[in-house]
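Visitor: What follows is the file model_6.txt, containing compact mmCIF, C-alpha atoms:
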# COMPACT_ATOMS: atom_id res chain seq x y z
CA MET A 11 0.00 0.00 0.00
CA ASN A 12 0.99 3.56 -0.61
CA ILE A 13 2.10 5.77 2.30
CA ASP A 14 -0.06 8.58 0.90
CA PHE A 15 -3.12 6.38 1.32
CA PHE A 16 -2.36 5.87 5.02
CA LYS A 17 -1.68 9.57 5.57
CA ARG A 18 -4.96 10.43 3.88
CA LEU A 19 -6.81 7.77 5.92
CA LEU A 20 -5.29 9.09 9.16
CA LEU A 21 -6.33 12.65 8.26
CA PHE A 22 -9.82 11.35 7.41
CA LEU A 23 -10.18 9.65 10.80
CA ALA A 24 -8.66 12.53 12.77
CA LEU A 25 -10.91 15.16 11.20
CA LEU A 26 -13.97 12.93 11.57
CA LEU A 27 -13.30 12.29 15.27
CA VAL A 28 -12.56 15.94 16.04
CA GLN A 29 -15.70 17.04 14.23
CA VAL A 30 -18.00 14.44 15.76
CA LEU A 31 -16.68 14.46 19.32
CA VAL A 32 -15.79 18.14 19.78
CA LEU A 33 -16.83 20.58 17.07
CA ASN A 34 -20.42 19.38 16.56
CA ASN A 35 -21.08 20.40 20.16
CA ILE A 36 -19.96 24.02 19.60
CA HIS A 37 -22.65 26.48 18.53
CA LEU A 38 -21.50 30.05 19.05
CA PHE A 39 -24.38 32.51 19.40
CA ASP A 40 -26.71 29.79 18.13
CA CYS A 41 -25.52 30.32 14.56
CA ALA A 42 -21.82 29.49 14.13
CA THR A 43 -20.67 25.89 14.02
CA PRO A 44 -17.07 25.03 13.06
CA LEU A 45 -16.97 22.70 10.06
CA LEU A 46 -13.32 21.67 10.02
CA TYR A 47 -13.75 18.41 8.08
CA VAL A 48 -13.99 20.40 4.83
CA TYR A 49 -10.20 20.78 5.16
CA PHE A 50 -9.92 17.16 4.06
CA VAL A 51 -11.28 18.04 0.61
CA VAL A 52 -9.46 21.36 0.40
CA SER A 53 -6.10 19.62 0.89
CA PHE A 54 -6.24 17.22 -2.09
CA GLN A 55 -3.25 17.62 -4.41
CA ARG A 56 -3.51 18.54 -8.06
CA GLY A 57 -2.97 15.13 -9.66
CA TYR A 58 -5.25 13.19 -7.33
CA PRO A 59 -7.82 11.12 -9.26
CA ARG A 60 -11.19 12.85 -9.38
CA TRP A 61 -13.09 9.66 -8.71
CA ALA A 62 -11.09 9.21 -5.48
CA ILE A 63 -11.79 12.79 -4.39
CA LEU A 64 -15.51 12.21 -4.94
CA LEU A 65 -15.44 8.87 -3.12
CA TYR A 66 -13.54 10.28 -0.12
CA SER A 67 -15.84 13.32 -0.01
CA PHE A 68 -18.94 11.16 -0.12
CA LEU A 69 -17.68 8.81 2.60
CA LEU A 70 -16.59 11.61 4.93
CA GLY A 71 -19.89 13.43 4.45
CA LEU A 72 -21.79 10.20 5.07
CA CYS A 73 -19.87 9.52 8.29
CA VAL A 74 -20.51 13.06 9.53
CA ASP A 75 -24.20 12.70 8.65
CA ILE A 76 -24.46 9.44 10.57
CA PHE A 77 -22.98 10.90 13.74
CA ALA A 78 -24.57 14.38 13.49
CA ASP A 79 -28.04 13.16 12.53
CA THR A 80 -28.22 15.38 9.45
CA PRO A 81 -29.52 12.96 6.81
CA GLY A 82 -27.71 13.63 3.56
CA VAL A 83 -26.89 17.28 4.21
CA ALA A 84 -23.14 16.93 4.81
CA THR A 85 -22.87 14.18 2.19
CA THR A 86 -24.41 16.32 -0.54
CA SER A 87 -22.48 19.44 0.40
CA LEU A 88 -19.10 17.75 0.73
CA THR A 89 -19.54 15.75 -2.48
CA LEU A 90 -20.27 18.98 -4.36
CA VAL A 91 -17.17 20.59 -2.89
CA GLY A 92 -15.17 17.48 -3.83
CA PHE A 93 -16.45 17.81 -7.39
CA LEU A 94 -15.52 21.50 -7.58
CA GLN A 95 -12.14 21.27 -5.81
CA PRO A 96 -9.95 20.38 -8.84
CA TYR A 97 -11.49 23.17 -10.90
CA VAL A 98 -11.17 25.76 -8.14
CA LEU A 99 -7.56 24.69 -7.50
CA GLU A 100 -6.73 25.30 -11.17
CA LEU A 101 -7.97 28.89 -10.77
CA PHE A 102 -5.51 29.65 -7.98
CA MET A 103 -2.31 27.99 -9.18
CA GLN A 104 0.32 28.62 -11.81
CA ARG A 105 0.12 26.77 -15.10
CA ASP A 106 3.66 25.47 -14.79
CA ASP A 107 3.16 23.89 -11.34
CA ASP A 108 3.81 20.17 -11.26
CA GLU A 109 1.14 17.47 -11.20
CA ASN A 110 1.64 16.71 -7.49
CA PHE A 111 1.07 20.31 -6.35
CA GLN A 112 -0.20 20.30 -2.75
CA PRO A 113 -2.48 23.23 -1.87
CA ALA A 114 -1.22 24.72 1.39
CA ILE A 115 -0.16 28.02 2.88
CA TYR A 116 3.52 27.32 2.26
CA SER A 117 3.06 26.32 -1.42
CA MET A 118 0.43 28.85 -2.54
CA GLY A 119 1.15 31.76 -0.26
CA PRO A 120 -1.08 32.86 2.59
CA LEU A 121 -3.41 35.13 0.65
CA THR A 122 -3.91 32.80 -2.32
CA PHE A 123 -4.56 29.83 -0.03
CA PHE A 124 -6.98 31.94 1.99
CA TYR A 125 -9.02 32.84 -1.10
CA TYR A 126 -8.90 29.27 -2.42
CA SER A 127 -10.10 27.72 0.83
CA LEU A 128 -12.60 30.52 1.43
CA LEU A 129 -14.27 29.91 -1.93
CA LEU A 130 -14.65 26.17 -1.27
CA MET A 131 -15.81 26.79 2.30
CA LEU A 132 -18.36 29.36 1.08
CA VAL A 133 -19.82 26.86 -1.39
CA TYR A 134 -19.98 24.26 1.35
CA CYS A 135 -21.66 26.54 3.90
CA VAL A 136 -24.24 27.88 1.45
CA VAL A 137 -25.26 24.39 0.29
CA PHE A 138 -25.11 22.90 3.79
CA PHE A 139 -27.26 25.53 5.51
CA THR A 140 -29.66 25.81 2.58
CA LEU A 141 -30.33 22.08 2.73
CA GLU A 142 -30.47 22.08 6.52
CA THR A 143 -32.91 24.99 6.70
CA PHE A 144 -34.83 24.08 3.55
CA CYS A 145 -36.92 27.24 3.74
CA PHE A 146 -36.29 30.95 3.51
CA PHE A 147 -38.80 32.19 6.06
CA ASN A 148 -36.01 32.97 8.50
CA TRP A 149 -33.40 34.16 6.03
CA VAL A 150 -31.60 36.30 8.63
CA GLN A 151 -30.81 33.19 10.67
CA TRP A 152 -29.77 31.43 7.45
CA LEU A 153 -27.35 34.26 6.56
CA LEU A 154 -26.00 34.40 10.12
CA SER A 155 -25.40 30.64 10.10
CA ILE A 156 -23.57 30.83 6.78
CA GLY A 157 -21.48 33.85 7.78
CA GLY A 158 -20.67 32.71 11.29
CA SER A 159 -19.79 29.18 10.31
CA LEU A 160 -17.77 30.41 7.33
CA VAL A 161 -15.62 32.72 9.46
CA LEU A 162 -15.15 30.23 12.28
CA SER A 163 -14.39 27.31 9.94
CA GLU A 164 -11.99 29.35 7.81
CA VAL A 165 -9.99 30.45 10.84
CA LEU A 166 -9.73 26.84 12.05
CA LEU A 167 -8.81 25.64 8.56
CA ILE A 168 -5.97 28.18 8.28
CA VAL A 169 -4.69 27.29 11.76
CA VAL A 170 -4.75 23.54 11.05
CA ASP A 171 -2.98 23.99 7.71
CA GLY A 172 -0.33 26.17 9.35
CA ILE A 173 0.26 23.57 12.07
CA ARG A 174 0.14 20.59 9.72
CA LYS A 175 2.81 21.82 7.33
CA LYS A 176 5.44 22.78 9.91
Take the structure in this file and express it as structure tokens.
Guide:
Amino acid sequence: MNIDFFKRLLLFLALLLVQVLVLNNIHLFDCATPLLYVYFVVSFQRGYPRWAILLYSFLLGLCVDIFADTPGVATTSLTLVGFLQPYVLELFMQRDDDENFQPAIYSMGPLTFFYYSLLLMLVYCVVFFTLETFCFFNWVQWLLSIGGSLVLSEVLLIVVDGIRKK
């Protein structure tokens, strides 16, 4: 087996456990929930097979849905982000970068990585909270949930990426 597979599996399990055991219990101001497991999809390298990204995204979303009792919401949202990730990564990288380019703060630069991860996190939060709410009668709460979770998750994502690459 490939060492990359085991690293990816360990990251999968670590993010799943942190999300399920700790972060799912945090609800700041009744609107902001940290969604750190999206980092798993954000961190896929350039040459990674798209079918594998979709499979990993689906499985991680399914596991989060099982433990968080959100039937299909995280699965749908994370699979969509997994589908968009290779295309969004191409927008933020140089054409002459190699096939194994790893998106991170140290390889892309802090500002570029911030915008890259923010775009994917924004897509995730909009889809996630739209499916979770499934109505627009309380659109202020919907916007607060998207904004609060986006900011909180992005800060955690940047911190984890900074720690992980040292």
Visitor: List every residue of stretch 83-147 of chain A that has an atom at most 8 Å from any atom of stretch 50-69 of chain A, giving for each one its closest atom pair and the distance in Å to one decimal, counting only C-alpha atoms, sorted by chain and then by ascending residue number, as CSV.
Guide:
residue,atom,partner,partner_atom,distance
A:Thr85,CA,A:Phe68,CA,5.5
A:Thr86,CA,A:Phe68,CA,7.5
A:Leu88,CA,A:Ser67,CA,5.5
A:Thr89,CA,A:Ser67,CA,5.1
A:Val91,CA,A:Val51,CA,7.3
A:Gly92,CA,A:Leu64,CA,5.4
A:Phe93,CA,A:Leu64,CA,6.2
A:Gln95,CA,A:Val52,CA,6.8
A:Pro96,CA,A:Arg56,CA,6.7
A:Leu99,CA,A:Arg56,CA,7.4
A:Glu109,CA,A:Gly57,CA,5.0
A:Asn110,CA,A:Gly57,CA,5.3
A:Phe111,CA,A:Arg56,CA,5.2
A:Gln112,CA,A:Gln55,CA,4.4
A:Pro113,CA,A:Ser53,CA,5.8
A:Ala114,CA,A:Ser53,CA,7.1
A:Ser127,CA,A:Val52,CA,6.4
A:Leu130,CA,A:Val52,CA,7.3
Visitor: Using all atoms listed in the file, which of the listed residues (A:Ser87, A:Thr122, A:Thr80, A:Asn148) sits closest to A:Met103?
Guide: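 Closest to A:Met103, using all atoms listed in the file: A:Thr122.
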Visitor: Rank A:Leu45, A:Val74, A:Val137, A:Met118 by their smallest atom-to-atom distance to A:Leu166, using all atoms listed in the file, and report the top residue only.
Guide: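 Smallest separation from A:Leu166 among the options: A:Leu45.
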Visitor: Pick out the closest residue to A:Gly119 from this set: A:Leu25, A:Ile168, A:Leu94, A:Cys135. Count all atoms listed in the file.
Guide: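 Smallest distance to A:Gly119 is found for A:Ile168.
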Visitor: Grab the atom CA of A:Ser163 to atom CA of A:Ser117 distance for me, in Å with one decimal place.
Guide: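 Between atom CA of A:Ser163 and atom CA of A:Ser117 the gap works out to 20.8 Å.
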Visitor: Once 5 Å is added on each side, what are the centre and the three edge lengths, in Å to one decimal, of the axis-aligned box enclosing the listed atoms of stretch 32-46 of chain A? Present them as JSON.
Guide:
{"center_x": -20.0, "center_y": 25.3, "center_z": 15.1, "size_x": 23.4, "size_y": 24.4, "size_z": 20.1}
Visitor: Do you know which residues are at most 12 Å from A:Asp40 counting only C-alpha atoms, after dropping those on the same chain fewer than 3 positions away, and could you put them as an MDAnalysis selection string?
Guide: chainID A and resid 35:37 43:44 151:152 154:156 158:159
Visitor: Please, could you write that set of residues out with C-alpha atoms as a PDB file, in the frame of the given file?
Guide:
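Done, and the output landed in again_29.pdb:
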ATOM      1  CA  ASN A  35     -21.080  20.400  20.160  1.00  0.00           C
ATOM      2  CA  ILE A  36     -19.960  24.020  19.600  1.00  0.00           C
ATOM      3  CA  HIS A  37     -22.650  26.480  18.530  1.00  0.00           C
ATOM      4  CA  THR A  43     -20.670  25.890  14.020  1.00  0.00           C
ATOM      5  CA  PRO A  44     -17.070  25.030  13.060  1.00  0.00           C
ATOM      6  CA  GLN A 151     -30.810  33.190  10.670  1.00  0.00           C
ATOM      7  CA  TRP A 152     -29.770  31.430   7.450  1.00  0.00           C
ATOM      8  CA  LEU A 154     -26.000  34.400  10.120  1.00  0.00           C
ATOM      9  CA  SER A 155     -25.400  30.640  10.100  1.00  0.00           C
ATOM     10  CA  ILE A 156     -23.570  30.830   6.780  1.00  0.00           C
ATOM     11  CA  GLY A 158     -20.670  32.710  11.290  1.00  0.00           C
ATOM     12  CA  SER A 159     -19.790  29.180  10.310  1.00  0.00           C
TER      13      SER A 159
END
Visitor: Find the residue from A:Val170, A:Val136, A:Leu128, A:Leu141 that sits nearest to A:Tyr47; use all atoms listed in the file when measuring.
Guide: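 Among the listed residues, A:Val170 lies closest to A:Tyr47.
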Visitor: What is the atom CA of A:Phe16-atom CA of A:Asp79 distance in Å, reported with one decimal?
Guide: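 Interatomic distance here is 27.7 Å.
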Visitor: Under the rule that all atoms listed in the file are counted, which of A:Asp14, A:Glu164, A:Asp108, A:Asp75 is the nearest residue to A:Leu132?
Guide: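 Among the listed residues, A:Glu164 lies closest to A:Leu132.
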Visitor: Work out how far atom CA of A:Tyr126 is from atom CA of A:Pro81, in Å to one decimal.
Guide: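 Atom-to-atom, atom CA of A:Pro81 to atom CA of A:Tyr126, that is 27.9 Å.
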Visitor: For A:Tyr97, which of A:Leu129, A:Val83, A:Ala24, A:Ala78 is the closest residue, counting only C-alpha atoms?
Guide: A:Leu129
